Each structure stands twice: as structure tokens, then as C-alpha cells.
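Pasted below: protein.txt, compact mmCIF, C-alpha atoms.
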# COMPACT_ATOMS: atom_id res chain seq x y z
CA MET A 1 39.76 56.50 93.18
CA PRO A 2 42.89 58.32 94.35
CA GLN A 3 44.42 56.99 97.51
CA GLN A 4 45.31 59.47 100.28
CA LEU A 5 48.80 58.76 101.54
CA ALA A 6 50.04 60.60 104.65
CA ILE A 7 53.62 61.40 105.58
CA ILE A 8 54.33 62.58 109.13
CA VAL A 9 57.40 64.76 109.61
CA LEU A 10 58.34 64.71 113.30
CA VAL A 11 61.00 67.28 114.17
CA ASP A 12 63.11 67.40 117.34
CA ILE A 13 63.04 71.20 117.25
CA GLY A 14 65.30 71.84 120.25
CA ASN A 15 68.13 69.77 118.82
CA ALA A 16 67.52 70.99 115.26
CA LEU A 17 67.84 74.62 116.38
CA GLU A 18 70.91 73.78 118.40
CA SER A 19 72.69 72.15 115.47
CA ARG A 20 70.99 74.31 112.81
CA SER A 21 70.24 71.11 110.90
CA LEU A 22 67.33 68.74 110.38
CA LYS A 23 69.72 65.86 109.73
CA ASP A 24 69.35 63.28 112.51
CA ASN A 25 66.68 65.51 114.07
CA THR A 26 63.79 64.57 111.78
CA TYR A 27 61.80 61.33 111.90
CA LEU A 28 59.50 60.44 109.03
CA PHE A 29 56.55 58.04 108.95
CA ASP A 30 53.89 57.14 106.44
CA ASN A 31 50.86 54.86 106.35
CA MET A 32 52.22 52.65 103.55
CA LYS A 33 54.32 50.23 105.62
CA LEU A 34 52.26 47.28 104.41
CA HIS A 35 52.64 48.54 100.85
CA GLY A 36 56.42 48.46 100.94
CA SER A 37 57.60 51.71 102.58
CA GLU A 38 60.92 51.31 104.32
CA ASN A 39 62.79 52.86 107.25
CA GLN A 40 59.70 54.04 109.15
CA GLY A 41 60.44 56.37 112.03
CA THR A 42 63.89 57.36 110.75
CA GLY A 43 65.25 60.26 108.72
CA ASP A 44 65.68 57.91 105.78
CA LEU A 45 62.09 56.99 104.93
CA VAL A 46 61.42 55.60 101.46
CA THR A 47 57.72 56.04 100.75
CA ALA A 48 56.24 53.35 98.51
CA ILE A 49 53.65 54.59 96.06
CA ASN A 50 51.76 51.90 94.21
CA GLY A 51 50.09 53.22 91.13
CA ALA A 52 46.66 52.15 89.93
CA TYR A 53 46.64 50.99 86.31
CA TRP A 54 44.22 49.73 83.71
CA SER A 55 44.81 46.28 82.28
CA ASP A 56 46.62 47.86 79.29
CA GLY A 57 49.13 49.41 81.72
CA SER A 58 47.94 52.99 81.47
CA GLN A 59 47.51 55.02 84.64
CA ALA A 60 44.06 54.64 86.15
CA SER A 61 44.19 57.35 88.83
CA GLU A 62 46.54 59.63 90.72
CA GLN A 63 47.80 58.90 94.21
CA VAL A 64 47.71 61.86 96.61
CA LEU A 65 50.39 62.65 99.19
CA ASN A 66 49.76 64.75 102.31
CA TRP A 67 52.46 65.98 104.69
CA LEU A 68 51.86 66.60 108.40
CA PRO A 69 54.70 68.33 110.32
CA TYR A 70 54.75 67.74 114.10
CA SER A 71 57.04 68.87 116.92
CA LEU A 72 58.62 66.21 119.13
CA GLY A 73 57.97 66.78 122.81
CA SER A 74 55.58 69.70 122.34
CA ILE A 75 51.91 70.00 123.20
CA PRO A 76 50.39 67.42 120.81
CA PRO A 77 48.42 68.45 117.73
CA THR A 78 45.30 66.82 119.16
CA VAL A 79 44.54 69.86 121.35
CA PRO A 80 42.12 72.32 119.68
CA ARG A 81 43.52 74.39 116.85
CA SER A 82 43.05 77.67 118.75
CA TYR A 83 44.65 76.29 121.91
CA GLN A 84 47.41 78.90 122.15
CA ALA A 85 44.97 81.80 121.70
CA ALA A 86 42.46 80.25 124.11
CA ARG A 87 45.10 79.83 126.81
CA THR A 88 46.22 83.46 126.28
CA GLN A 89 42.63 84.70 126.73
CA GLN A 90 42.13 82.49 129.76
CA ALA A 91 45.29 83.85 131.40
CA ASP A 92 44.13 87.44 130.74
CA ARG A 93 40.67 86.77 132.17
CA GLN A 94 42.15 85.13 135.25
CA ALA A 95 44.50 88.10 135.77
CA LEU A 96 41.58 90.55 135.55
CA ALA A 97 39.56 88.50 138.03
CA ASP A 98 42.52 88.35 140.41
CA LEU A 99 43.08 92.11 140.09
CA THR A 100 39.41 92.80 140.79
CA ALA A 101 39.57 90.58 143.86
CA LEU A 102 42.73 92.36 144.98
CA THR A 103 41.28 95.88 144.64
CA GLY A 104 38.08 94.81 146.41
CA ARG A 105 39.97 93.56 149.40
CA PRO A 106 40.05 95.71 152.55
CA SER A 107 43.31 97.62 152.78
CA SER A 108 45.99 95.27 153.92
CA ASP A 109 49.69 95.71 154.39
CA GLY A 110 51.60 96.71 151.28
CA GLU A 111 53.81 93.67 151.24
CA ASP A 112 50.80 91.39 150.88
CA ALA A 113 49.45 93.35 147.94
CA GLU A 114 52.86 93.41 146.33
CA ALA A 115 53.15 89.62 146.57
CA ALA A 116 49.66 89.22 145.10
CA LEU A 117 50.52 91.55 142.21
CA SER A 118 53.72 89.67 141.57
CA ALA A 119 51.77 86.38 141.44
CA ILE A 120 49.31 87.90 138.94
CA ARG A 121 52.20 89.17 136.83
CA LYS A 122 53.66 85.67 136.82
CA ASN A 123 50.37 84.02 135.88
CA VAL A 124 49.66 86.40 133.03
CA GLY A 125 53.09 85.90 131.42
CA THR A 126 54.48 88.28 128.83
CA ARG A 127 53.54 88.58 125.22
CA VAL A 128 56.10 87.93 122.56
CA ARG A 129 56.73 89.42 119.16
CA ALA A 130 57.19 87.48 115.98
CA ALA A 131 59.69 88.30 113.28
CA GLY A 132 59.17 87.90 109.56
CA ARG A 133 55.93 86.32 108.43
CA SER A 134 55.27 84.42 111.66
CA ARG A 135 52.34 86.68 112.52
CA ALA A 136 50.19 83.89 113.91
CA LEU A 137 52.57 83.69 116.87
CA ALA A 138 52.73 87.44 117.55
CA GLY A 139 51.05 88.94 120.59
CA GLN A 140 50.47 85.64 122.31
CA GLN A 141 51.80 84.38 125.57
CA VAL A 142 54.29 81.56 125.64
CA LEU A 143 53.19 78.20 127.01
CA ASP A 144 55.32 75.46 128.47
CA VAL A 145 55.04 71.82 127.37
CA THR A 146 52.21 71.22 129.86
CA GLY A 147 50.11 74.15 128.54
CA LYS A 148 50.86 76.57 131.40
CA VAL A 149 51.76 80.21 130.71
CA VAL A 150 55.50 80.94 131.03
CA SER A 151 56.50 84.28 132.53
CA ASP A 152 60.30 83.98 132.57
CA HIS A 153 61.42 83.16 129.03
CA GLY A 154 65.08 83.08 130.04
CA GLN A 155 64.61 79.65 131.60
CA GLY A 156 63.97 78.01 128.24
CA LEU A 157 60.75 76.27 129.34
CA HIS A 158 58.78 77.25 126.25
CA ASN A 159 56.79 74.90 124.08
CA TYR A 160 57.97 75.08 120.47
CA PRO A 161 55.33 75.95 117.88
CA ALA A 162 54.72 73.21 115.30
CA PRO A 163 57.10 73.22 112.36
CA VAL A 164 55.75 74.70 109.15
CA ILE A 165 56.48 73.30 105.70
CA THR A 166 57.06 76.26 103.37
CA ASP A 167 58.11 74.44 100.20
CA VAL A 168 58.40 70.99 98.65
CA PHE A 169 60.96 70.81 95.84
CA GLY A 170 63.79 68.75 94.38
CA GLU A 171 64.15 65.88 91.93
CA ALA A 172 60.62 64.48 92.20
CA VAL A 173 59.20 67.97 91.48
CA ASP A 174 61.71 68.80 88.72
CA GLU A 175 60.97 65.46 87.05
CA LYS A 176 57.24 66.19 87.30
CA ILE A 177 56.59 63.08 89.39
CA ILE A 178 54.79 65.07 92.10
CA TYR A 179 52.83 68.31 91.85
CA PRO A 180 52.92 69.79 95.37
CA ALA A 181 51.05 72.83 96.70
CA ALA A 182 49.85 74.27 100.03
CA TYR A 183 46.10 74.09 100.53
CA GLY A 184 43.75 75.69 103.06
CA SER A 185 42.05 73.14 105.24
CA PRO A 186 39.35 72.93 107.88
CA ASP A 187 41.35 70.05 109.38
CA LEU A 188 41.81 70.74 113.09
CA VAL A 189 45.26 69.20 113.41
CA THR A 190 47.11 71.07 110.66
CA ASP A 191 46.41 74.68 111.68
CA GLY A 192 44.48 75.44 108.55
CA TRP A 193 47.14 74.67 105.97
CA TYR A 194 48.66 71.53 104.61
CA TRP A 195 50.93 70.50 101.79
CA SER A 196 49.62 67.99 99.35
CA ALA A 197 50.73 66.59 96.00
CA THR A 198 49.35 64.41 93.26
CA VAL A 199 51.71 61.77 91.91
CA ASP A 200 52.37 60.75 88.32
CA THR A 201 52.78 57.01 88.76
CA SER A 202 53.38 56.31 85.06
CA ARG A 203 57.15 56.49 85.52
CA PRO A 204 58.23 53.99 88.19
CA GLY A 205 61.49 54.66 90.02
CA THR A 206 62.96 56.19 93.15
CA TYR A 207 62.95 59.96 93.36
CA THR A 208 64.23 62.29 96.07
CA TYR A 209 62.41 65.41 97.20
CA LYS A 210 63.20 68.13 99.73
CA MET A 211 61.09 70.01 102.23
CA ARG A 212 61.88 73.51 103.42
CA ILE A 213 60.75 73.59 107.02
CA GLN A 214 60.37 76.68 109.16
CA LEU A 215 61.07 76.35 112.89
CA HIS A 216 60.75 79.13 115.44
CA GLU A 217 63.33 80.11 117.99
CA LEU A 218 62.53 82.29 121.02
CA VAL A 219 65.22 84.98 121.19
CA GLN A 220 65.61 88.47 122.64
CA ARG A 221 65.64 91.25 120.04
CA ALA A 222 65.98 94.85 121.25
CA GLY A 223 64.68 93.87 124.68
CA ASP A 224 61.64 91.99 123.40
CA TRP A 225 61.22 88.24 123.32
CA THR A 226 60.62 87.33 119.71
CA TRP A 227 59.77 84.17 117.77
CA GLU A 228 62.33 84.22 115.02
CA PRO A 229 61.90 81.92 112.02
CA VAL A 230 64.70 79.52 111.15
CA ASN A 231 64.47 77.84 107.75
CA LEU A 232 66.04 74.42 107.31
CA VAL A 233 65.82 71.71 104.66
CA CYS A 234 65.38 67.95 104.92
CA GLU A 235 65.25 65.28 102.26
CA SER A 236 63.22 62.12 101.71
CA ARG A 237 62.49 59.64 98.92
CA LEU A 238 59.52 58.30 97.00
CA GLN A 239 59.53 54.91 95.33
CA VAL A 240 56.93 54.68 92.60
CA VAL A 241 56.06 51.06 91.91
CA SER A 242 54.00 49.73 89.05
CA GLN A 243 54.05 46.02 89.90
CA PRO A 244 50.64 44.73 90.86
CA ARG A 245 50.42 44.12 94.55
CA ARG A 246 48.88 41.30 96.51
CA ASN A 247 45.18 40.75 95.92
CA ALA A 248 43.66 41.92 99.20
CA PHE A 249 40.55 39.76 98.76
CA THR A 250 42.22 36.44 98.07
CA GLN A 251 45.73 37.14 99.43
CA ALA A 252 46.91 35.68 96.13
CA GLY A 253 49.10 37.24 93.47
CA LEU A 254 48.07 38.56 90.11
CA SER A 255 44.80 37.46 88.71
CA TYR A 256 41.24 38.55 88.35
CA LEU A 257 39.03 38.32 91.40
CA PRO A 258 37.73 34.75 91.76
CA LEU A 259 34.15 34.32 90.69
CA ALA A 260 31.96 31.45 91.81
CA PRO A 261 31.37 28.84 89.09
CA GLY A 262 28.48 29.73 86.89
CA VAL A 263 28.69 33.44 87.61
CA SER A 264 29.43 35.43 84.54
CA ALA A 265 30.85 38.89 84.63
CA MET B 266 76.49 81.06 169.44
CA THR B 267 74.04 81.69 166.72
CA THR B 268 73.43 79.40 163.85
CA LYS B 269 73.02 80.69 160.36
CA PRO B 270 69.71 79.80 158.78
CA ARG B 271 70.31 77.28 156.06
CA GLN B 272 70.09 78.91 152.66
CA GLN B 273 67.42 77.24 150.63
CA LYS B 274 68.29 77.87 147.03
CA ALA B 275 65.25 77.22 144.91
CA ALA B 276 66.19 75.00 142.00
CA ALA B 277 65.46 76.72 138.71
CA PRO B 278 62.71 74.89 136.86
CA ARG B 279 63.95 72.87 133.93
CA ARG B 280 62.23 71.80 130.76
CA PRO B 281 60.91 68.24 131.26
CA ILE B 282 62.37 65.49 129.12
CA SER B 283 59.50 64.59 126.82
CA ILE B 284 59.04 60.97 125.81
CA THR B 285 56.74 60.66 122.82
CA ALA B 286 55.22 57.41 121.57
CA VAL B 287 54.19 57.43 117.92
CA VAL B 288 51.62 54.66 117.58
CA ASP B 289 50.46 52.96 114.40
CA CYS B 290 46.98 52.45 115.81
CA VAL B 291 45.62 50.47 112.86
CA GLY B 292 48.68 48.19 112.76
CA ALA B 293 48.59 47.53 116.51
CA LEU B 294 44.84 46.85 116.51
CA ALA B 295 45.16 44.50 113.54
CA ALA B 296 48.05 42.60 115.16
CA GLY B 297 46.64 42.70 118.71
CA ASN B 298 50.03 43.78 120.03
CA THR B 299 52.39 46.74 119.81
CA ARG B 300 55.43 45.01 118.37
CA GLY B 301 56.63 46.98 115.35
CA HIS B 302 53.78 49.45 115.73
CA VAL B 303 55.20 51.77 118.41
CA TYR B 304 58.09 54.18 117.88
CA LEU B 305 59.47 55.88 120.99
CA TYR B 306 61.46 59.11 121.04
CA ASP B 307 62.66 61.53 123.67
CA THR B 308 64.12 65.02 123.69
CA ASN B 309 67.33 64.04 125.46
CA LYS B 310 69.31 62.62 122.55
CA ALA B 311 72.02 65.21 123.17
CA GLY B 312 72.17 64.00 126.80
CA GLY B 313 72.83 60.40 125.79
CA SER B 314 69.46 58.74 125.13
CA ALA B 315 69.60 55.82 122.69
CA GLY B 316 67.26 53.56 120.75
CA LEU B 317 65.17 56.44 119.39
CA GLY B 318 62.54 55.24 116.95
CA THR B 319 62.32 51.78 118.52
CA GLU B 320 60.19 50.26 121.24
CA GLN B 321 63.33 49.93 123.37
CA LEU B 322 64.11 53.60 123.91
CA ARG B 323 66.79 54.19 126.54
CA THR B 324 66.18 57.60 128.10
CA ARG B 325 69.19 59.07 129.90
CA VAL B 326 68.03 60.64 133.16
CA THR B 327 69.41 62.01 136.42
CA ALA B 328 67.63 62.34 139.75
CA GLY B 329 65.36 65.38 139.76
CA ASP B 330 64.59 65.27 136.03
CA GLN B 331 60.94 65.64 135.15
CA LEU B 332 59.68 63.18 132.57
CA LEU B 333 56.62 63.84 130.43
CA TRP B 334 55.07 61.06 128.36
CA ASN B 335 52.65 61.81 125.55
CA VAL B 336 51.44 60.08 122.42
CA LEU B 337 50.92 60.78 118.72
CA ALA B 338 48.76 58.67 116.43
CA LEU B 339 50.16 57.84 113.03
CA GLU B 340 46.73 58.49 111.51
CA CYS B 341 45.26 61.74 112.74
CA GLU B 342 41.75 60.24 112.79
CA ALA B 343 42.71 57.42 115.18
CA PHE B 344 42.34 57.65 118.96
CA VAL B 345 45.40 56.81 121.05
CA ALA B 346 46.03 57.61 124.72
CA ILE B 347 48.34 56.38 127.45
CA ASP B 348 46.35 54.33 129.95
CA GLY B 349 49.18 53.81 132.43
CA ILE B 350 52.94 53.53 132.94
CA GLU B 351 54.24 50.57 134.91
CA ILE B 352 57.55 51.50 136.49
CA ASP B 353 59.36 50.91 139.79
CA LYS B 354 57.71 53.41 142.15
CA GLU B 355 61.01 53.98 143.92
CA VAL B 356 62.39 55.47 140.72
CA CYS B 357 59.43 57.42 139.35
CA GLU B 358 55.69 57.70 139.98
CA PRO B 359 54.10 59.12 136.81
CA VAL B 360 50.63 60.62 137.17
CA ARG B 361 48.04 61.39 134.52
CA LYS B 362 47.27 65.05 133.84
CA VAL B 363 45.45 66.90 131.07
CA TYR B 364 46.47 69.94 129.07
CA PRO B 365 44.42 72.73 130.77
CA GLY B 366 41.01 73.22 129.19
CA THR B 367 41.13 69.96 127.20
CA ASP B 368 40.68 66.25 127.81
CA VAL B 369 43.97 65.45 126.04
CA SER B 370 46.15 63.71 128.58
CA TYR B 371 49.84 63.35 129.32
CA TRP B 372 51.74 61.57 132.08
CA ILE B 373 54.34 63.30 134.20
CA GLY B 374 56.70 62.25 136.98
CA THR B 375 60.00 63.15 138.62
CA VAL B 376 63.00 60.82 138.65
CA LYS B 377 63.61 60.10 142.33
CA LYS B 378 66.94 58.37 142.04
CA SER B 379 69.44 57.52 139.35
CA GLY B 380 72.89 56.04 139.06
CA THR B 381 71.61 52.51 139.33
CA THR B 382 71.11 49.99 136.56
CA GLU B 383 68.61 50.34 133.76
CA VAL B 384 65.04 50.69 134.93
CA PRO B 385 62.74 49.06 132.39
CA TYR B 386 59.08 50.08 132.26
CA GLN B 387 55.95 49.41 130.25
CA ILE B 388 53.43 51.75 128.71
CA ARG B 389 49.76 50.74 128.41
CA PHE B 390 47.92 52.27 125.46
CA LYS B 391 44.22 52.78 124.83
CA LEU B 392 43.63 52.34 121.12
CA GLY B 393 40.55 53.13 119.05
CA THR B 394 37.43 51.56 120.54
CA ARG B 395 39.22 48.51 121.95
CA ASP B 396 38.25 47.97 125.61
CA GLU B 397 41.43 46.25 126.75
CA PRO B 398 44.57 48.40 126.69
CA LEU B 399 47.66 47.12 124.88
CA THR B 400 50.97 47.07 126.74
CA THR B 401 54.35 47.61 125.07
CA ALA B 402 55.80 44.24 124.06
CA LEU B 403 59.43 45.29 124.45
CA SER B 404 60.46 47.47 127.37
CA PRO B 405 61.74 50.99 127.11
CA ALA B 406 63.97 51.97 130.04
CA LEU B 407 65.36 54.85 132.04
CA VAL B 408 69.13 54.85 132.21
CA GLY B 409 70.81 56.77 135.01
This structure in C-alpha cells:
Amino acid sequence: MPQQLAIIVLVDIGNALESRSLKDNTYLFDNMKLHGSENQGTGDLVTAINGAYWSDGSQASEQVLNWLPYSLGSIPPTVPRSYQAARTQQADRQALADLTALTGRPSSDGEDAEAALSAIRKNVGTRVRAAGRSRALAGQQVLDVTGKVVSDHGQGLHNYPAPVITDVFGEAVDEKIIYPAAYGSPDLVTDGWYWSATVDTSRPGTYTYKMRIQLHELVQRAGDWTWEPVNLVCESRLQVVSQPRRNAFTQAGLSYLPLAPGVSA
Amino acid sequence: MTTKPRQQKAAAPRRPISITAVVDCVGALAAGNTRGHVYLYDTNKAGGSAGLGTEQLRTRVTAGDQLLWNVLALECEAFVAIDGIEIDKEVCEPVRKVYPGTDVSYWIGTVKKSGTTEVPYQIRFKLGTRDEPLTTALSPALVG
């Protein structure tokens, strides 16, 4: 049975946008530490992939890699998938309720009403545009890192949207060691898409691969605040290993599973 | 003689420094401790934070900075939350809050004073279905 191996790509988006580089601003993890992966939590992860083989050495099944890109310091991916849209709707509903309450109030002095209107304007925030193909972000309000709507984008309080992997390429793909593709997913933490690859483990060795990652920067374009995509590339390595690993049942090395005396296979 | 009213200039809000713990929930539960299973990061590397990716993160702060702690599980199916932050109350008093409309929590607090020595602290984590929280084995710290 194929084993599902996960690689987390954690990006310090603020610093990456500042330096226009993912180098030293990306931290990679996988769930194969006990299987020999090295440099967890750094930009230099080497992911160990242990193949499954028949006793004659031929490949028994394919391992499967999944990539999960996260943003460091942002609202975590454990909030519901539609969180941004839900907060936008909630802010709109609240503004309407506040406006209704304001118009229903007996006539008061103008200054009071002006202050109330200004508070409503602040709570409702302003919608932003999105350049390029980043349509999912268009027309929504901007949240801060605590989930509150931001009205003044000039203060730089915005929560960065999660990074998006747009391509996986490089040596491991050219050498046909991995076959990556983006898949649609009902998974709540990956926003409906994820990158996955099957691995040809018949050719052990260390192979590099690259990820093209799209970040979004909030900038002013022709008077409108706009999420503008910024495409950057980071690199990682896979180490395909064919040596048999420790026997998880007996903790021993290579051998068949121990059978009680008198038991025949 | 009249006195001029003191001008109160409202400080512009600043983005909090986020401190994120990436927790290998399965590894920590199997070992019964956090050593080697917690990776701490913050968003103030450019400001001088050090030890990113280790349990001994040194976050560079100044008085007035807001600090926000949150957590990511290495396996998206695993449950991890911060149960508490043990830190000198004279330096910072983090409180638990939730992202509006969810039960996903974060901890937030303001640095009251800086310029002293390192202020070590501990983070308690709730992991999976384990009743007892696990506390960081090595101490991260705030550095002023």
C-alpha cells in the first residue's frame, strides 16, 4: 500500500517579500524524521523516502508525497476554509445592523451621528482588488492576524494569505523520480487544492526539486489596494533509499517476521 | 498663566510579533515530552530574533510590542493547542483569545518592559487526547 508522506512548507512571507527571496525565509518539515529525514524545520530539509520492494528487489508500491504550504505568523490553517469570506459577510451584516440602529435613533446632534458613521466605516473595512489570477482574494476585506477587519491598509497590519504552490519541477521531475500534479481536494486545510506526487523508488539516490511559490503583497495600484502576486522559487531534496529498514514488530534488522515454533506459513 | 493641555499622540497600531510553535504531536506523545518535537519561530528575524527552528527561540522585543503565540501541528489531523504560557508577569501577561467565530485559540500579550536580561518562559501544550498538558523542556525567551 502506498505510504502518504507530507511535507510542510512554512514561509515567513513578510521577510520573503521584503528580500524578494525564499532563501532563509522558508522552513520545511516532513513526517519521516524516524525514517531518516534530516534538517527538519530548516530550509535544507532532506526528505527520506523508503521504497517498498518485493524479495526479488523489484518495486512493490509507489510512495506518495503531499505538500502543504503555510504562512508563518498568519491566521492558522485550522480555521474553517471559508474563514475570510465568512468574516467579510459578518462585517457587512454588522455594518447594516449598526446603520439600521443609527437611522432608527431619534435625531441627535450631527457630531454624534458622524462619529457613529465613522465607527461603522472602520468596522466594515475596505475591499481590495486582486491582480493576475488571484481571484479568490478579490472583493474581500482584509483581516489582521487576530481575524479582525482592517480598515487602514497603510498601517501594514494585514494577515498574509497562505502561500500557493504553482509548480513543482527540477531534477527529481526531469529524472522522472517524482510525478507531481495539483489535485482538487475536499481537505479543509488546503483551500481545495494540493500538490501531490508519486515516487519511483526503483532508482535510489538524492535528487533536488524546486517549488514555485506564489505569495501575495498588498500594494496600492491606481488608488486601489490590491493583492499582487509575487512568484518565488525554493529548493529541497529527496533521498530515495532502498535499504530495508528496521523491522517495526521486532525492532530487529533484516529478516522475516518471527513465527512461533510449529507455526507454518 | 494657562497650561497647555498635554498632547496625547495615539500610538499607531503595529503588527504583533507572531511566535509560532510547530509541534510534532505524534513524536511528543510517543516520547512523553517535547524535546526535539517542537520547533519555534517568530516573525522578528529581521529585528534580531535568534534560534529559529529550535525550542530555544530568542525573540527580540521592546516594551510596547504585542506578542501573539499560536501553534501548527505537523500532521494536519492531529490536535494541538496552547494551554498556557508561564512567564514573569512583570514582563508580559499573555491571555487566551479565539479567532472570531471559531474555537481556534491564540495567546496575546504586550511586553511591559524590556532592556533587562533574557526572560525565559515555558509554553504548555494540549496534545491529542492526552489529559495532562506537556510543557516545553527547553525554555524559549524574550530578549530586550
Proximity check stretch 341-381 of chain B to stretch 389-404 of chain B, 7 Å, nearest pairs one decimal Å, all atoms listed in the file, as JSON lines:
{"residue": "B:Ala343", "atom": "CA", "partner": "B:Gly393", "partner_atom": "CA", "distance": 6.2}
{"residue": "B:Phe344", "atom": "CA", "partner": "B:Gly393", "partner_atom": "CA", "distance": 4.9}
{"residue": "B:Val345", "atom": "CA", "partner": "B:Leu392", "partner_atom": "CA", "distance": 4.8}
{"residue": "B:Ala346", "atom": "CA", "partner": "B:Lys391", "partner_atom": "CA", "distance": 5.2}
{"residue": "B:Ile347", "atom": "CA", "partner": "B:Phe390", "partner_atom": "CA", "distance": 4.6}
{"residue": "B:Asp348", "atom": "CA", "partner": "B:Phe390", "partner_atom": "CA", "distance": 5.2}
{"residue": "B:Gly349", "atom": "CA", "partner": "B:Arg389", "partner_atom": "CA", "distance": 5.1}
{"residue": "B:Ile350", "atom": "CA", "partner": "B:Arg389", "partner_atom": "CA", "distance": 6.2}
message: Show me, as a list of chain:residue names, every residue of chain A with an atom at most 6 Å from chain B, counting only C-alpha atoms.
response: A:Gly41, A:Gly73, A:Thr146, A:Gly147, A:Leu157
Would you save the residues from that selection as a PDB file, in the frame of the given file, using C-alpha atoms?
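To be explicit, this is the file written out as part.pdb:
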ATOM      1  CA  GLY A  41      60.440  56.370 112.030  1.00  0.00           C
ATOM      2  CA  GLY A  73      57.970  66.780 122.810  1.00  0.00           C
ATOM      3  CA  THR A 146      52.210  71.220 129.860  1.00  0.00           C
ATOM      4  CA  GLY A 147      50.110  74.150 128.540  1.00  0.00           C
ATOM      5  CA  LEU A 157      60.750  76.270 129.340  1.00  0.00           C
TER       6      LEU A 157
END
Restrict the calculation to all atoms listed in the file, then for each residue of stretch 37-59 of chain A with any atom at most 9 Å from an atom of stretch 199-213 of chain A give the closest atom pair and their distance in Å to one decimal, rows by chain and rising residue number, as a Markdown table.
| residue | atom | partner | partner_atom | distance |
| --- | --- | --- | --- | --- |
| A:Val46 | CA | A:Thr206 | CA | 8.5 |
| A:Ile49 | CA | A:Thr201 | CA | 7.7 |
| A:Asn50 | CA | A:Thr201 | CA | 7.5 |
| A:Gly51 | CA | A:Thr201 | CA | 5.2 |
| A:Ala52 | CA | A:Thr201 | CA | 7.9 |
| A:Tyr53 | CA | A:Ser202 | CA | 8.7 |
| A:Gly57 | CA | A:Ser202 | CA | 8.8 |
| A:Ser58 | CA | A:Ser202 | CA | 7.3 |
| A:Gln59 | CA | A:Ser202 | CA | 6.0 |
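Take atom CA of A:Trp225 and atom CA of A:Val128: the distance between them is 5.2 Å.
Coordinates place atom CA of A:Tyr194 at a distance of 11.6 Å from atom CA of A:Pro163.
When all atoms listed in the file are used to compute distances to A:Val164, the closest of the residues A:Ile177, A:Ala97, A:Val233, A:Leu117 turns out to be A:Val233.
Distance check against A:Thr126 using all atoms listed in the file: of A:Ser196, A:Ser61, A:Thr166, A:Thr226, the minimum falls on A:Thr226.
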message: One number please: atom CA of A:Gln84 to atom CA of A:Gln140, in Å, one decimal.
response: 7.4 Å
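Each of A:Leu232, A:Ala222, A:Ile7, A:Leu102 was checked against A:Asn25 using only C-alpha atoms; the smallest atom-to-atom distance is that of A:Leu232.
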task: Find the residues near A:Tyr160: any atom within 12 Å, counting all atoms listed in the file, skip ones fewer than 4 places away on the same chain, and give them as a ChimeraX atom specification.
output: /A:11-17,70-77,84,137,142-147,156,164,214-218,227-229 /B:280
Top pick for closest residue to A:Asp24, considering A:Val240, A:Val219, A:Leu65, A:Cys234 and counting all atoms listed in the file: A:Cys234
- prompt: Excluding same-chain residues fewer than 5 positions from B:Asp353, what lies within 8 Å of it counting only C-alpha atoms, as a PyMOL selection string?
  reply: chain B and resi 358+384+386
- request: Pick out the closest residue to B:Gly380 from this set: B:Ala295, B:Cys357, B:Val408, B:Val288. Count all atoms listed in the file.
  value: B:Val408
Saved stretch 306-326 of chain B from the preceding structure, C-alpha atoms, as a compact mmCIF listing (two decimals), in the first residue's frame:
# COMPACT_ATOMS: atom_id res chain seq x y z
CA TYR B 306 9.68 30.56 15.01
CA ASP B 307 8.82 34.23 15.14
CA THR B 308 8.30 37.00 12.61
CA ASN B 309 11.01 39.25 14.01
CA LYS B 310 14.10 37.66 12.49
CA ALA B 311 14.92 40.95 10.78
CA GLY B 312 14.72 42.65 14.20
CA GLY B 313 17.30 40.31 15.73
CA SER B 314 15.48 37.18 16.91
CA ALA B 315 17.65 34.05 17.04
CA GLY B 316 17.31 30.31 17.50
CA LEU B 317 14.51 29.97 14.95
CA GLY B 318 13.53 26.36 14.40
CA THR B 319 14.65 25.28 17.87
CA GLU B 320 12.94 25.02 21.23
CA GLN B 321 15.16 27.83 22.48
CA LEU B 322 13.87 30.66 20.31
CA ARG B 323 15.14 34.08 21.39
CA THR B 324 12.56 36.68 20.39
CA ARG B 325 13.88 40.23 20.23
CA VAL B 326 11.31 42.58 21.77
